[in-house]
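> Data file coords.pdb (PDB, C-alpha atoms, pLDDT in the B column) is appended below.
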ATOM      1  CA  MET A  21     -10.983  -9.282  20.244  1.00 39.00           C
ATOM      2  CA  SER A  22      -8.004 -10.676  18.315  1.00 47.00           C
ATOM      3  CA  ARG A  23      -7.454 -14.429  18.446  1.00 47.00           C
ATOM      4  CA  SER A  24      -4.334 -16.508  17.908  1.00 48.00           C
ATOM      5  CA  ARG A  25      -3.316 -17.146  14.283  1.00 51.00           C
ATOM      6  CA  SER A  26      -3.435 -20.844  15.033  1.00 50.00           C
ATOM      7  CA  GLU A  27      -7.069 -20.651  16.093  1.00 65.00           C
ATOM      8  CA  ASP A  28      -9.493 -21.794  13.412  1.00 76.00           C
ATOM      9  CA  LEU A  29     -12.181 -19.485  12.108  1.00 74.00           C
ATOM     10  CA  ARG A  30     -15.702 -20.284  13.199  1.00 79.00           C
ATOM     11  CA  PHE A  31     -18.041 -21.940  10.703  1.00 78.00           C
ATOM     12  CA  GLY A  32     -19.905 -18.730   9.849  1.00 81.00           C
ATOM     13  CA  GLU A  33     -16.632 -16.846   9.466  1.00 83.00           C
ATOM     14  CA  ARG A  34     -15.290 -19.478   7.073  1.00 85.00           C
ATOM     15  CA  LEU A  35     -18.401 -19.193   4.905  1.00 86.00           C
ATOM     16  CA  ALA A  36     -18.228 -15.397   4.926  1.00 85.00           C
ATOM     17  CA  LEU A  37     -14.518 -15.526   4.090  1.00 84.00           C
ATOM     18  CA  ARG A  38     -15.188 -17.700   1.034  1.00 90.00           C
ATOM     19  CA  VAL A  39     -17.719 -15.152  -0.220  1.00 91.00           C
ATOM     20  CA  ILE A  40     -15.387 -12.214   0.442  1.00 86.00           C
ATOM     21  CA  ASP A  41     -12.476 -13.976  -1.261  1.00 88.00           C
ATOM     22  CA  LEU A  42     -14.647 -14.571  -4.324  1.00 90.00           C
ATOM     23  CA  ILE A  43     -15.806 -10.950  -4.422  1.00 88.00           C
ATOM     24  CA  SER A  44     -12.216  -9.756  -3.972  1.00 85.00           C
ATOM     25  CA  THR A  45     -11.025 -11.920  -6.847  1.00 89.00           C
ATOM     26  CA  LEU A  46     -13.746 -10.631  -9.153  1.00 88.00           C
ATOM     27  CA  TYR A  47     -13.331  -6.956  -8.188  1.00 87.00           C
ATOM     28  CA  LEU A  48      -9.606  -6.702  -7.532  1.00 86.00           C
ATOM     29  CA  GLY A  49      -8.224  -9.565  -9.572  1.00 86.00           C
ATOM     30  CA  TYR A  50      -6.654 -11.323  -6.578  1.00 85.00           C
ATOM     31  CA  LYS A  51      -7.513 -12.764  -3.174  1.00 85.00           C
ATOM     32  CA  PRO A  52      -5.957 -10.606  -0.430  1.00 82.00           C
ATOM     33  CA  PRO A  53      -3.916 -12.802   1.919  1.00 79.00           C
ATOM     34  CA  VAL A  54      -4.927 -10.515   4.803  1.00 80.00           C
ATOM     35  CA  ASN A  55      -8.625 -11.419   4.643  1.00 82.00           C
ATOM     36  CA  GLU A  56      -8.369 -14.410   6.947  1.00 83.00           C
ATOM     37  CA  GLU A  57      -6.413 -12.477   9.576  1.00 80.00           C
ATOM     38  CA  ALA A  58      -8.940  -9.632   9.339  1.00 80.00           C
ATOM     39  CA  PHE A  59     -11.802 -12.040   9.998  1.00 82.00           C
ATOM     40  CA  ARG A  60      -9.914 -13.572  12.913  1.00 80.00           C
ATOM     41  CA  THR A  61      -9.113 -10.150  14.407  1.00 78.00           C
ATOM     42  CA  LEU A  62     -12.378  -8.333  13.727  1.00 79.00           C
ATOM     43  CA  GLY A  63     -15.084 -10.906  13.102  1.00 82.00           C
ATOM     44  CA  VAL A  64     -17.552 -10.706  10.208  1.00 84.00           C
ATOM     45  CA  ARG A  65     -19.261  -7.463  11.233  1.00 86.00           C
ATOM     46  CA  GLY A  66     -15.980  -5.854  12.163  1.00 84.00           C
ATOM     47  CA  TYR A  67     -14.513  -6.851   8.808  1.00 83.00           C
ATOM     48  CA  ALA A  68     -17.426  -5.234   6.972  1.00 85.00           C
ATOM     49  CA  LYS A  69     -16.904  -1.998   8.908  1.00 86.00           C
ATOM     50  CA  TRP A  70     -13.130  -2.149   8.384  1.00 82.00           C
ATOM     51  CA  SER A  71     -13.429  -2.779   4.653  1.00 84.00           C
ATOM     52  CA  GLY A  72     -16.063  -0.086   4.112  1.00 87.00           C
ATOM     53  CA  ALA A  73     -14.126   2.555   6.028  1.00 87.00           C
ATOM     54  CA  THR A  74     -10.956   1.736   4.138  1.00 88.00           C
ATOM     55  CA  GLY A  75     -12.687   2.015   0.771  1.00 90.00           C
ATOM     56  CA  ARG A  76     -14.251   5.377   1.659  1.00 93.00           C
ATOM     57  CA  THR A  77     -10.922   6.707   2.890  1.00 94.00           C
ATOM     58  CA  MET A  78      -9.164   5.686  -0.319  1.00 94.00           C
ATOM     59  CA  LYS A  79     -11.788   7.535  -2.352  1.00 96.00           C
ATOM     60  CA  VAL A  80     -11.472  10.697  -0.258  1.00 97.00           C
ATOM     61  CA  LEU A  81      -7.679  10.624  -0.508  1.00 97.00           C
ATOM     62  CA  ALA A  82      -7.745  10.104  -4.279  1.00 97.00           C
ATOM     63  CA  GLU A  83     -10.091  13.061  -4.713  1.00 97.00           C
ATOM     64  CA  GLY A  84      -8.049  15.273  -2.404  1.00 97.00           C
ATOM     65  CA  LEU A  85      -4.476  14.387  -3.293  1.00 97.00           C
ATOM     66  CA  GLY A  86      -4.684  12.795  -6.734  1.00 97.00           C
ATOM     67  CA  GLU A  87      -5.034   9.175  -7.792  1.00 97.00           C
ATOM     68  CA  ALA A  88      -1.336   8.312  -7.901  1.00 97.00           C
ATOM     69  CA  GLU A  89      -0.275  10.504  -4.977  1.00 97.00           C
ATOM     70  CA  SER A  90      -2.937   9.015  -2.715  1.00 97.00           C
ATOM     71  CA  GLN A  91      -1.598   5.514  -3.322  1.00 97.00           C
ATOM     72  CA  PHE A  92       1.916   6.569  -2.334  1.00 98.00           C
ATOM     73  CA  VAL A  93       0.567   8.296   0.783  1.00 97.00           C
ATOM     74  CA  ILE A  94      -1.372   5.177   1.759  1.00 95.00           C
ATOM     75  CA  GLY A  95       1.648   3.006   1.019  1.00 95.00           C
ATOM     76  CA  PHE A  96       4.002   5.061   3.150  1.00 95.00           C
ATOM     77  CA  SER A  97       1.401   5.296   5.920  1.00 93.00           C
ATOM     78  CA  GLY A  98       1.569   1.503   6.034  1.00 89.00           C
ATOM     79  CA  LEU A  99       5.350   1.434   5.648  1.00 88.00           C
ATOM     80  CA  TRP A 100       5.933   3.958   8.464  1.00 85.00           C
ATOM     81  CA  LEU A 101       3.660   1.835  10.656  1.00 84.00           C
ATOM     82  CA  GLY A 102       5.665  -1.305   9.907  1.00 82.00           C
ATOM     83  CA  CYS A 103       3.455  -3.058   7.354  1.00 85.00           C
ATOM     84  CA  GLY A 104       5.419  -4.077   4.285  1.00 85.00           C
ATOM     85  CA  TYR A 105       2.308  -5.546   2.639  1.00 86.00           C
ATOM     86  CA  CYS A 106       0.414  -2.225   2.619  1.00 88.00           C
ATOM     87  CA  GLY A 107       3.544  -0.346   1.665  1.00 90.00           C
ATOM     88  CA  ALA A 108       4.525  -2.537  -1.263  1.00 92.00           C
ATOM     89  CA  GLY A 109       0.986  -2.986  -2.597  1.00 93.00           C
ATOM     90  CA  HIS A 110      -0.161   0.626  -2.573  1.00 95.00           C
ATOM     91  CA  ILE A 111       3.163   2.022  -3.767  1.00 97.00           C
ATOM     92  CA  HIS A 112       3.040  -0.561  -6.571  1.00 96.00           C
ATOM     93  CA  ALA A 113      -0.387   0.847  -7.477  1.00 97.00           C
ATOM     94  CA  GLY A 114       0.953   4.410  -7.420  1.00 98.00           C
ATOM     95  CA  ASN A 115       3.823   3.412  -9.673  1.00 98.00           C
ATOM     96  CA  LEU A 116       1.425   1.793 -12.130  1.00 98.00           C
ATOM     97  CA  ILE A 117      -0.758   4.905 -12.290  1.00 98.00           C
ATOM     98  CA  ILE A 118       2.237   7.153 -12.970  1.00 98.00           C
ATOM     99  CA  TYR A 119       3.512   4.752 -15.624  1.00 98.00           C
ATOM    100  CA  ARG A 120       0.054   4.536 -17.222  1.00 97.00           C
ATOM    101  CA  ASP A 121      -0.691   8.272 -17.166  1.00 97.00           C
ATOM    102  CA  ARG A 122       2.759   9.848 -17.512  1.00 96.00           C
ATOM    103  CA  ASP A 123       4.815   7.107 -19.184  1.00 96.00           C
ATOM    104  CA  ALA A 124       7.367   7.450 -16.388  1.00 96.00           C
ATOM    105  CA  LEU A 125       8.951   5.349 -13.655  1.00 97.00           C
ATOM    106  CA  THR A 126       9.637   6.550 -10.131  1.00 97.00           C
ATOM    107  CA  PRO A 127      12.785   5.507  -8.240  1.00 97.00           C
ATOM    108  CA  LEU A 128      10.579   3.604  -5.771  1.00 97.00           C
ATOM    109  CA  ASP A 129      10.779   0.057  -7.108  1.00 94.00           C
ATOM    110  CA  ASP A 130      10.397  -3.070  -4.946  1.00 91.00           C
ATOM    111  CA  ALA A 131      14.099  -3.365  -4.136  1.00 91.00           C
ATOM    112  CA  THR A 132      14.269   0.266  -3.056  1.00 94.00           C
ATOM    113  CA  LEU A 133      11.179  -0.119  -0.897  1.00 93.00           C
ATOM    114  CA  ARG A 134      12.723  -3.127   0.833  1.00 90.00           C
ATOM    115  CA  GLU A 135      15.837  -1.029   1.479  1.00 92.00           C
ATOM    116  CA  LEU A 136      13.688   1.760   2.979  1.00 93.00           C
ATOM    117  CA  TYR A 137      11.674  -0.721   5.044  1.00 89.00           C
ATOM    118  CA  ASP A 138      14.834  -2.198   6.547  1.00 89.00           C
ATOM    119  CA  THR A 139      16.367   1.234   7.278  1.00 91.00           C
ATOM    120  CA  PRO A 140      15.748   3.309  10.434  1.00 90.00           C
ATOM    121  CA  ASP A 141      13.051   5.886   9.696  1.00 87.00           C
ATOM    122  CA  SER A 142      15.193   9.021   9.939  1.00 87.00           C
ATOM    123  CA  GLU A 143      17.751   7.514   7.567  1.00 93.00           C
ATOM    124  CA  ALA A 144      14.980   6.376   5.229  1.00 94.00           C
ATOM    125  CA  VAL A 145      13.677   9.950   4.994  1.00 94.00           C
ATOM    126  CA  ALA A 146      17.162  11.182   4.095  1.00 95.00           C
ATOM    127  CA  ARG A 147      17.378   8.451   1.457  1.00 96.00           C
ATOM    128  CA  LEU A 148      14.013   9.543   0.026  1.00 97.00           C
ATOM    129  CA  HIS A 149      15.391  13.056  -0.448  1.00 97.00           C
ATOM    130  CA  GLU A 150      18.195  11.538  -2.516  1.00 97.00           C
ATOM    131  CA  LEU A 151      15.872   9.321  -4.549  1.00 97.00           C
ATOM    132  CA  LEU A 152      13.188  11.928  -5.230  1.00 97.00           C
ATOM    133  CA  CYS A 153      15.425  14.949  -5.836  1.00 97.00           C
ATOM    134  CA  ALA A 154      14.269  15.515  -9.438  1.00 96.00           C
ATOM    135  CA  PRO A 155      11.785  18.385  -9.948  1.00 96.00           C
ATOM    136  CA  GLU A 156       9.060  16.041 -11.229  1.00 95.00           C
ATOM    137  CA  HIS A 157       9.074  14.263  -7.858  1.00 97.00           C
ATOM    138  CA  ALA A 158       8.801  17.404  -5.720  1.00 97.00           C
ATOM    139  CA  ARG A 159       5.097  16.994  -4.945  1.00 97.00           C
ATOM    140  CA  LEU A 160       5.507  13.325  -4.057  1.00 97.00           C
ATOM    141  CA  LEU A 161       8.545  13.979  -1.860  1.00 97.00           C
ATOM    142  CA  GLY A 162       6.731  16.784  -0.065  1.00 97.00           C
ATOM    143  CA  LEU A 163       3.737  14.591   0.741  1.00 97.00           C
ATOM    144  CA  ILE A 164       5.812  11.640   1.964  1.00 97.00           C
ATOM    145  CA  THR A 165       8.127  13.719   4.163  1.00 96.00           C
ATOM    146  CA  ARG A 166       5.199  15.671   5.601  1.00 97.00           C
ATOM    147  CA  LEU A 167       3.476  12.365   6.329  1.00 96.00           C
ATOM    148  CA  TYR A 168       6.528  11.356   8.351  1.00 95.00           C
ATOM    149  CA  GLU A 169       6.493  14.653  10.258  1.00 95.00           C
ATOM    150  CA  LEU A 170       2.809  14.283  11.121  1.00 96.00           C
ATOM    151  CA  ARG A 171       3.379  10.732  12.279  1.00 92.00           C
ATOM    152  CA  GLY A 172       6.078  12.114  14.559  1.00 91.00           C
ATOM    153  CA  GLY A 173       3.670  14.558  16.202  1.00 93.00           C
ATOM    154  CA  ALA A 174       3.745  17.678  14.014  1.00 95.00           C
ATOM    155  CA  GLU A 175       0.562  19.754  14.137  1.00 94.00           C
ATOM    156  CA  PRO A 176      -1.570  19.654  10.956  1.00 94.00           C
ATOM    157  CA  VAL A 177      -1.809  23.030   9.242  1.00 96.00           C
ATOM    158  CA  THR A 178      -2.790  22.728   5.594  1.00 95.00           C
ATOM    159  CA  GLU A 179      -5.588  20.975   3.713  1.00 95.00           C
ATOM    160  CA  ASP A 180      -3.060  18.379   2.531  1.00 96.00           C
ATOM    161  CA  ASP A 181      -2.162  17.767   6.176  1.00 97.00           C
ATOM    162  CA  ALA A 182      -5.772  16.845   6.905  1.00 97.00           C
ATOM    163  CA  TYR A 183      -5.671  14.205   4.174  1.00 97.00           C
ATOM    164  CA  LEU A 184      -2.339  12.876   5.430  1.00 97.00           C
ATOM    165  CA  GLU A 185      -3.679  12.647   8.987  1.00 96.00           C
ATOM    166  CA  LEU A 186      -6.664  10.732   7.655  1.00 94.00           C
ATOM    167  CA  ALA A 187      -4.371   8.243   5.922  1.00 93.00           C
ATOM    168  CA  LEU A 188      -2.301   7.740   9.067  1.00 92.00           C
ATOM    169  CA  SER A 189      -5.297   7.251  11.340  1.00 89.00           C
ATOM    170  CA  CYS A 190      -7.067   4.868   8.964  1.00 86.00           C
ATOM    171  CA  TRP A 191      -3.992   2.732   8.260  1.00 85.00           C
ATOM    172  CA  ASP A 192      -3.100   2.626  11.934  1.00 81.00           C
ATOM    173  CA  TRP A 193      -6.352   0.684  12.188  1.00 75.00           C
ATOM    174  CA  VAL A 194      -5.873  -1.276   8.968  1.00 75.00           C
ATOM    175  CA  THR A 195      -2.435  -2.544   9.957  1.00 73.00           C
ATOM    176  CA  GLU A 196      -3.855  -4.316  13.003  1.00 69.00           C
ATOM    177  CA  CYS A 197      -4.754  -7.039  10.498  1.00 63.00           C
ATOM    178  CA  THR A 198      -2.307  -6.542   7.629  1.00 65.00           C
ATOM    179  CA  ILE A 199       0.938  -6.227   9.557  1.00 66.00           C
ATOM    180  CA  VAL A 200       0.977  -9.962  10.399  1.00 64.00           C
ATOM    181  CA  VAL A 201       1.210 -10.801   6.692  1.00 63.00           C
ATOM    182  CA  GLY A 202       3.241  -7.680   5.968  1.00 57.00           C
ATOM    183  CA  LEU A 203       6.097  -8.836   8.141  1.00 60.00           C
ATOM    184  CA  GLU A 204       6.515 -12.028   6.132  1.00 66.00           C
ATOM    185  CA  ILE A 205       5.553 -11.468   2.498  1.00 74.00           C
ATOM    186  CA  PRO A 206       8.199 -10.641  -0.163  1.00 80.00           C
ATOM    187  CA  PHE A 207       7.553  -7.176  -1.603  1.00 83.00           C
ATOM    188  CA  GLU A 208       7.812  -8.360  -5.204  1.00 84.00           C
ATOM    189  CA  SER A 209       4.954 -10.802  -4.656  1.00 85.00           C
ATOM    190  CA  VAL A 210       2.471  -8.159  -3.475  1.00 89.00           C
ATOM    191  CA  PRO A 211      -0.016  -7.138  -6.187  1.00 91.00           C
ATOM    192  CA  PRO A 212      -1.127  -3.534  -6.627  1.00 94.00           C
ATOM    193  CA  LEU A 213      -3.806  -3.194  -3.965  1.00 92.00           C
ATOM    194  CA  THR A 214      -6.419  -1.746  -6.317  1.00 93.00           C
ATOM    195  CA  PRO A 215      -8.436  -3.095  -9.271  1.00 93.00           C
ATOM    196  CA  LEU A 216      -5.401  -2.257 -11.424  1.00 94.00           C
ATOM    197  CA  ALA A 217      -4.292  -5.786 -10.577  1.00 94.00           C
ATOM    198  CA  LYS A 218      -6.753  -6.989 -13.237  1.00 94.00           C
ATOM    199  CA  ASN A 219      -5.039  -4.973 -15.982  1.00 96.00           C
ATOM    200  CA  ARG A 220      -2.641  -7.656 -17.160  1.00 95.00           C
ATOM    201  CA  LYS A 221      -1.457  -5.614 -20.128  1.00 97.00           C
ATOM    202  CA  LEU A 222      -0.464  -2.701 -17.879  1.00 97.00           C
ATOM    203  CA  LEU A 223       1.223  -5.017 -15.380  1.00 96.00           C
ATOM    204  CA  ARG A 224       3.235  -6.695 -18.124  1.00 96.00           C
ATOM    205  CA  SER A 225       4.246  -3.392 -19.740  1.00 97.00           C
ATOM    206  CA  TYR A 226       5.282  -1.925 -16.396  1.00 97.00           C
ATOM    207  CA  ALA A 227       7.341  -5.007 -15.501  1.00 96.00           C
ATOM    208  CA  GLU A 228       9.077  -4.872 -18.880  1.00 96.00           C
ATOM    209  CA  ALA A 229       9.852  -1.172 -18.386  1.00 97.00           C
ATOM    210  CA  ARG A 230      11.363  -1.904 -14.971  1.00 95.00           C
ATOM    211  CA  ALA A 231      13.442  -4.723 -16.470  1.00 94.00           C
ATOM    212  CA  ARG A 232      14.753  -2.394 -19.190  1.00 93.00           C
ATOM    213  CA  GLU A 233      15.594   0.198 -16.554  1.00 92.00           C
ATOM    214  CA  SER A 234      17.457  -2.376 -14.461  1.00 86.00           C
ATOM    215  CA  LYS A 235      19.401  -3.611 -17.481  1.00 82.00           C
ATOM    216  CA  ALA A 236      20.359  -0.067 -18.474  1.00 80.00           C
ATOM    217  CA  ASP A 237      21.546   0.657 -14.921  1.00 74.00           C
ATOM    218  CA  THR A 238      23.630  -2.515 -14.873  1.00 73.00           C
ATOM    219  CA  GLU A 239      25.219  -1.790 -18.247  1.00 70.00           C
ATOM    220  CA  GLY A 240      25.958   1.759 -17.168  1.00 67.00           C
ATOM    221  CA  GLU A 241      27.972   0.671 -14.132  1.00 60.00           C
TER     222      GLU A 241
END
Would you give me this structure, written as C-alpha cells?


Amino acid sequence: MSRSRSEDLRFGERLALRVIDLISTLYLGYKPPVNEEAFRTLGVRGYAKWSGATGRTMKVLAEGLGEAESQFVIGFSGLWLGCGYCGAGHIHAGNLIIYRDRDALTPLDDATLRELYDTPDSEAVARLHELLCAPEHARLLGLITRLYELRGGAEPVTEDDAYLELALSCWDWVTECTIVVGLEIPFESVPPLTPLAKNRKLLRSYAEARARESKADTEGE
C-alpha cells in the first residue's frame, strides 16, 4: 500500500535502496530518482517484481518492434499516462539509438516533448502528424498514433497492437511510482532510461548534433 512521500523508508528498505541505487549506477550509469518512491509505494519485494517485469517487457518490445521504436512506444505510453519522466527518458533513448544507428535526428527533442506534454492529447496527436510527416518517420508515427487509439479503447487487431497493448498495461503499472517524479522533473535533465546513459561519447555527440540543428534553425528564421 502506498505511503505518504513524507514518510521515511523503513530501515530494511533504506538498506535495500542503497544496494539498488549502487546496482543502477553501475548498470545504467545513473541513479534513478524514482527508486525511493518505488520502494515507498511497493516495498522491497514489490519493487523486485516491478523492476523484473519492466525489464522483461522492454526486452519483448525491443524484439517485437525494434530497439529504437520500442523506446518511443514506451516513452509515449508514459507520456499519454501523464508521466513526463518516463516520456522524456525513453524517448531520449530512442533518439540516441536512431542517431547512433542512422546518423539522423528526429523532430522529437526535449522542447518539443514538453510542448506535447503540455498540450491536450487530441491536439498533441495532430501536432505529431505535422512533426513526423516525412516518409522516414512513417513507421514511428504509425506506432505512436495507434498507441493513442488503443489507449482510447480501440480493439487490438495486429501483432503490433499486441506489443502496444503490452506497453500500455505495463507502464500503467510503472507510472504508479514514476509519475510523482515525472510531474516535477525538467525533461532536459532526464537521462536516457537505458544503459546508453553510460555512453558518454554518444551522449556528447548527440547533444552537439542537437545544438547544431538548433543553431541552423535559428539562423534560418

> Skipping near chain neighbours, those fewer than 5 positions away, what residues fall within 8 Å of Asn115 of chain A using all atoms listed in the file, listed as a ChimeraX atom specification?

/A:88,125-126,128

> Quick one: distance from atom CA of Leu222 of chain A to atom CA of Tyr119 of chain A in Å, one decimal?

8.7 Å

> Taking into account only C-alpha atoms, which residue in the set A:Lys79, A:Arg120, A:Lys218, A:Arg171 is nearest to Lys51 of chain A?

A:Lys218

> Tell me which of A:Ser44, A:Ser97, A:Ser71, A:Thr238 sits closest to Thr165 of chain A, counting all atoms listed in the file.

A:Ser97

> For Leu152 of chain A, which residue out of A:Leu48, A:Gly173, A:Thr195, A:Pro127 is the nearest one, using all atoms listed in the file?

A:Pro127

> Give the answer as one residue: which of A:Leu81, A:Ala131, A:Leu161, A:Leu42 has the shortest atom-to-atom distance to His149 of chain A, using only C-alpha atoms?

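Distance minimum relative to His149 of chain A lands on A:Leu161.
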
> Write out as lines of an AutoDock Vina configuration file an axis-aligned box for segment 184-197 of chain A: all of its atoms listed in the file, 6 Å added on each side, centre and edge lengths in Å with one decimal.


center_x = -4.7
center_y = 2.9
center_z = 9.2
size_x = 16.8
size_y = 31.9
size_z = 19.6

> Could you check the closest approach to Asp180 of chain A for each of A:Glu33, A:Glu83, A:Asp141, A:Glu233 and tell me which residue wins, using only C-alpha atoms?

A:Glu83

> In Å to one decimal, how far is atom CA of Gly107 of chain A from atom CA of Leu184 of chain A?

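Computed distance, atom CA of Leu184 of chain A to atom CA of Gly107 of chain A, equals 15.0 Å.
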
> To test your reading of the syntax: which residues would the PyMOL selection byres ((chain A and resi 100) around 12) return for the file shown? Reply as an NGL selection string.

:A and (92-99 or 101-108 or 133 or 136-142 or 144-145 or 164-165 or 167-172 or 187-188 or 191-192 or 195 or 199)

> Between A:Arg220, A:Arg232, A:Arg34, A:His112, which is the closest to Glu57 of chain A once you count all atoms listed in the file?

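When distances to Glu57 of chain A are compared using all atoms listed in the file, the smallest one comes from A:Arg34.
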
> In Å, how far is it from atom CA of Ser225 of chain A to atom CA of Tyr50 of chain A?

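Calculated distance between atom CA of Ser225 of chain A and atom CA of Tyr50 of chain A is 18.8 Å.
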
> Any idea what's packed within 7 Å of Gly109 of chain A, counting all atoms listed in the file, ignoring anything in its chain fewer than 5 positions away? Could you give it as a ChimeraX atom specification?

/A:210-213

> If we count all atoms listed in the file, what is near Asp123 of chain A at a cut-off of 10 Å, once residues fewer than 4 positions away on the same chain are taken out, given as a ChimeraX atom specification?

/A:116-119,226,229

> At most 12 Å from (-14.6, -6.7, 3.7), file frame, all atoms listed in the file: which residues, as an mmCIF file with C-alpha atoms, keeping the file's coordinate frame?


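Dumped to selection.cif:
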data_model
loop_
_atom_site.group_PDB
_atom_site.id
_atom_site.type_symbol
_atom_site.label_atom_id
_atom_site.label_comp_id
_atom_site.auth_asym_id
_atom_site.auth_seq_id
_atom_site.Cartn_x
_atom_site.Cartn_y
_atom_site.Cartn_z
ATOM 1 C CA GLU A 33 -16.632 -16.846 9.466
ATOM 2 C CA ALA A 36 -18.228 -15.397 4.926
ATOM 3 C CA LEU A 37 -14.518 -15.526 4.090
ATOM 4 C CA ARG A 38 -15.188 -17.700 1.034
ATOM 5 C CA VAL A 39 -17.719 -15.152 -0.220
ATOM 6 C CA ILE A 40 -15.387 -12.214 0.442
ATOM 7 C CA ASP A 41 -12.476 -13.976 -1.261
ATOM 8 C CA LEU A 42 -14.647 -14.571 -4.324
ATOM 9 C CA ILE A 43 -15.806 -10.950 -4.422
ATOM 10 C CA SER A 44 -12.216 -9.756 -3.972
ATOM 11 C CA TYR A 47 -13.331 -6.956 -8.188
ATOM 12 C CA LYS A 51 -7.513 -12.764 -3.174
ATOM 13 C CA PRO A 52 -5.957 -10.606 -0.430
ATOM 14 C CA VAL A 54 -4.927 -10.515 4.803
ATOM 15 C CA ASN A 55 -8.625 -11.419 4.643
ATOM 16 C CA GLU A 56 -8.369 -14.410 6.947
ATOM 17 C CA GLU A 57 -6.413 -12.477 9.576
ATOM 18 C CA ALA A 58 -8.940 -9.632 9.339
ATOM 19 C CA PHE A 59 -11.802 -12.040 9.998
ATOM 20 C CA LEU A 62 -12.378 -8.333 13.727
ATOM 21 C CA GLY A 63 -15.084 -10.906 13.102
ATOM 22 C CA VAL A 64 -17.552 -10.706 10.208
ATOM 23 C CA ARG A 65 -19.261 -7.463 11.233
ATOM 24 C CA GLY A 66 -15.980 -5.854 12.163
ATOM 25 C CA TYR A 67 -14.513 -6.851 8.808
ATOM 26 C CA ALA A 68 -17.426 -5.234 6.972
ATOM 27 C CA LYS A 69 -16.904 -1.998 8.908
ATOM 28 C CA TRP A 70 -13.130 -2.149 8.384
ATOM 29 C CA SER A 71 -13.429 -2.779 4.653
ATOM 30 C CA GLY A 72 -16.063 -0.086 4.112
ATOM 31 C CA ALA A 73 -14.126 2.555 6.028
ATOM 32 C CA THR A 74 -10.956 1.736 4.138
ATOM 33 C CA GLY A 75 -12.687 2.015 0.771
ATOM 34 C CA VAL A 194 -5.873 -1.276 8.968
ATOM 35 C CA CYS A 197 -4.754 -7.039 10.498
#

> Since the input is missing atoms for segment 90-106 of chain A, could you rebuild it with N, CA and C atoms and give the result as a JSON list (two decimals), in the coordinates of the input?


[["chain", "number", "residue", "atom", "x", "y", "z"],
["A", 90, "SER", "N", -2.24, 9.63, -3.85],
["A", 90, "SER", "CA", -2.94, 9.02, -2.72],
["A", 90, "SER", "C", -2.44, 7.60, -2.46],
["A", 91, "GLN", "N", -2.11, 6.87, -3.51],
["A", 91, "GLN", "CA", -1.60, 5.51, -3.32],
["A", 91, "GLN", "C", -0.22, 5.51, -2.65],
["A", 92, "PHE", "N", 0.62, 6.47, -3.00],
["A", 92, "PHE", "CA", 1.92, 6.57, -2.33],
["A", 92, "PHE", "C", 1.75, 6.96, -0.87],
["A", 93, "VAL", "N", 0.82, 7.88, -0.60],
["A", 93, "VAL", "CA", 0.57, 8.30, 0.78],
["A", 93, "VAL", "C", 0.06, 7.12, 1.61],
["A", 94, "ILE", "N", -0.87, 6.36, 1.06],
["A", 94, "ILE", "CA", -1.37, 5.18, 1.76],
["A", 94, "ILE", "C", -0.24, 4.17, 1.97],
["A", 95, "GLY", "N", 0.55, 3.96, 0.92],
["A", 95, "GLY", "CA", 1.65, 3.01, 1.02],
["A", 95, "GLY", "C", 2.65, 3.38, 2.09],
["A", 96, "PHE", "N", 3.04, 4.65, 2.14],
["A", 96, "PHE", "CA", 4.00, 5.06, 3.15],
["A", 96, "PHE", "C", 3.38, 5.15, 4.53],
["A", 97, "SER", "N", 2.07, 5.38, 4.62],
["A", 97, "SER", "CA", 1.40, 5.30, 5.92],
["A", 97, "SER", "C", 1.58, 3.89, 6.48],
["A", 98, "GLY", "N", 1.36, 2.88, 5.61],
["A", 98, "GLY", "CA", 1.57, 1.50, 6.03],
["A", 98, "GLY", "C", 3.03, 1.21, 6.34],
["A", 99, "LEU", "N", 3.92, 1.70, 5.49],
["A", 99, "LEU", "CA", 5.35, 1.43, 5.65],
["A", 99, "LEU", "C", 5.88, 2.04, 6.94],
["A", 100, "TRP", "N", 5.48, 3.31, 7.23],
["A", 100, "TRP", "CA", 5.93, 3.96, 8.46],
["A", 100, "TRP", "C", 5.39, 3.23, 9.69],
["A", 101, "LEU", "N", 4.25, 2.57, 9.54],
["A", 101, "LEU", "CA", 3.66, 1.84, 10.66],
["A", 101, "LEU", "C", 4.16, 0.40, 10.75],
["A", 102, "GLY", "N", 5.03, 0.00, 9.83],
["A", 102, "GLY", "CA", 5.66, -1.30, 9.91],
["A", 102, "GLY", "C", 5.06, -2.39, 9.05],
["A", 103, "CYS", "N", 4.09, -2.03, 8.18],
["A", 103, "CYS", "CA", 3.46, -3.06, 7.35],
["A", 103, "CYS", "C", 4.00, -3.03, 5.93],
["A", 104, "GLY", "N", 4.86, -4.00, 5.63],
["A", 104, "GLY", "CA", 5.42, -4.08, 4.28],
["A", 104, "GLY", "C", 4.38, -4.40, 3.23],
["A", 105, "TYR", "N", 3.35, -5.17, 3.60],
["A", 105, "TYR", "CA", 2.31, -5.55, 2.64],
["A", 105, "TYR", "C", 1.58, -4.31, 2.12],
["A", 106, "CYS", "N", 1.10, -3.46, 3.03],
["A", 106, "CYS", "CA", 0.41, -2.22, 2.62],
["A", 106, "CYS", "C", 1.36, -1.32, 1.84]]
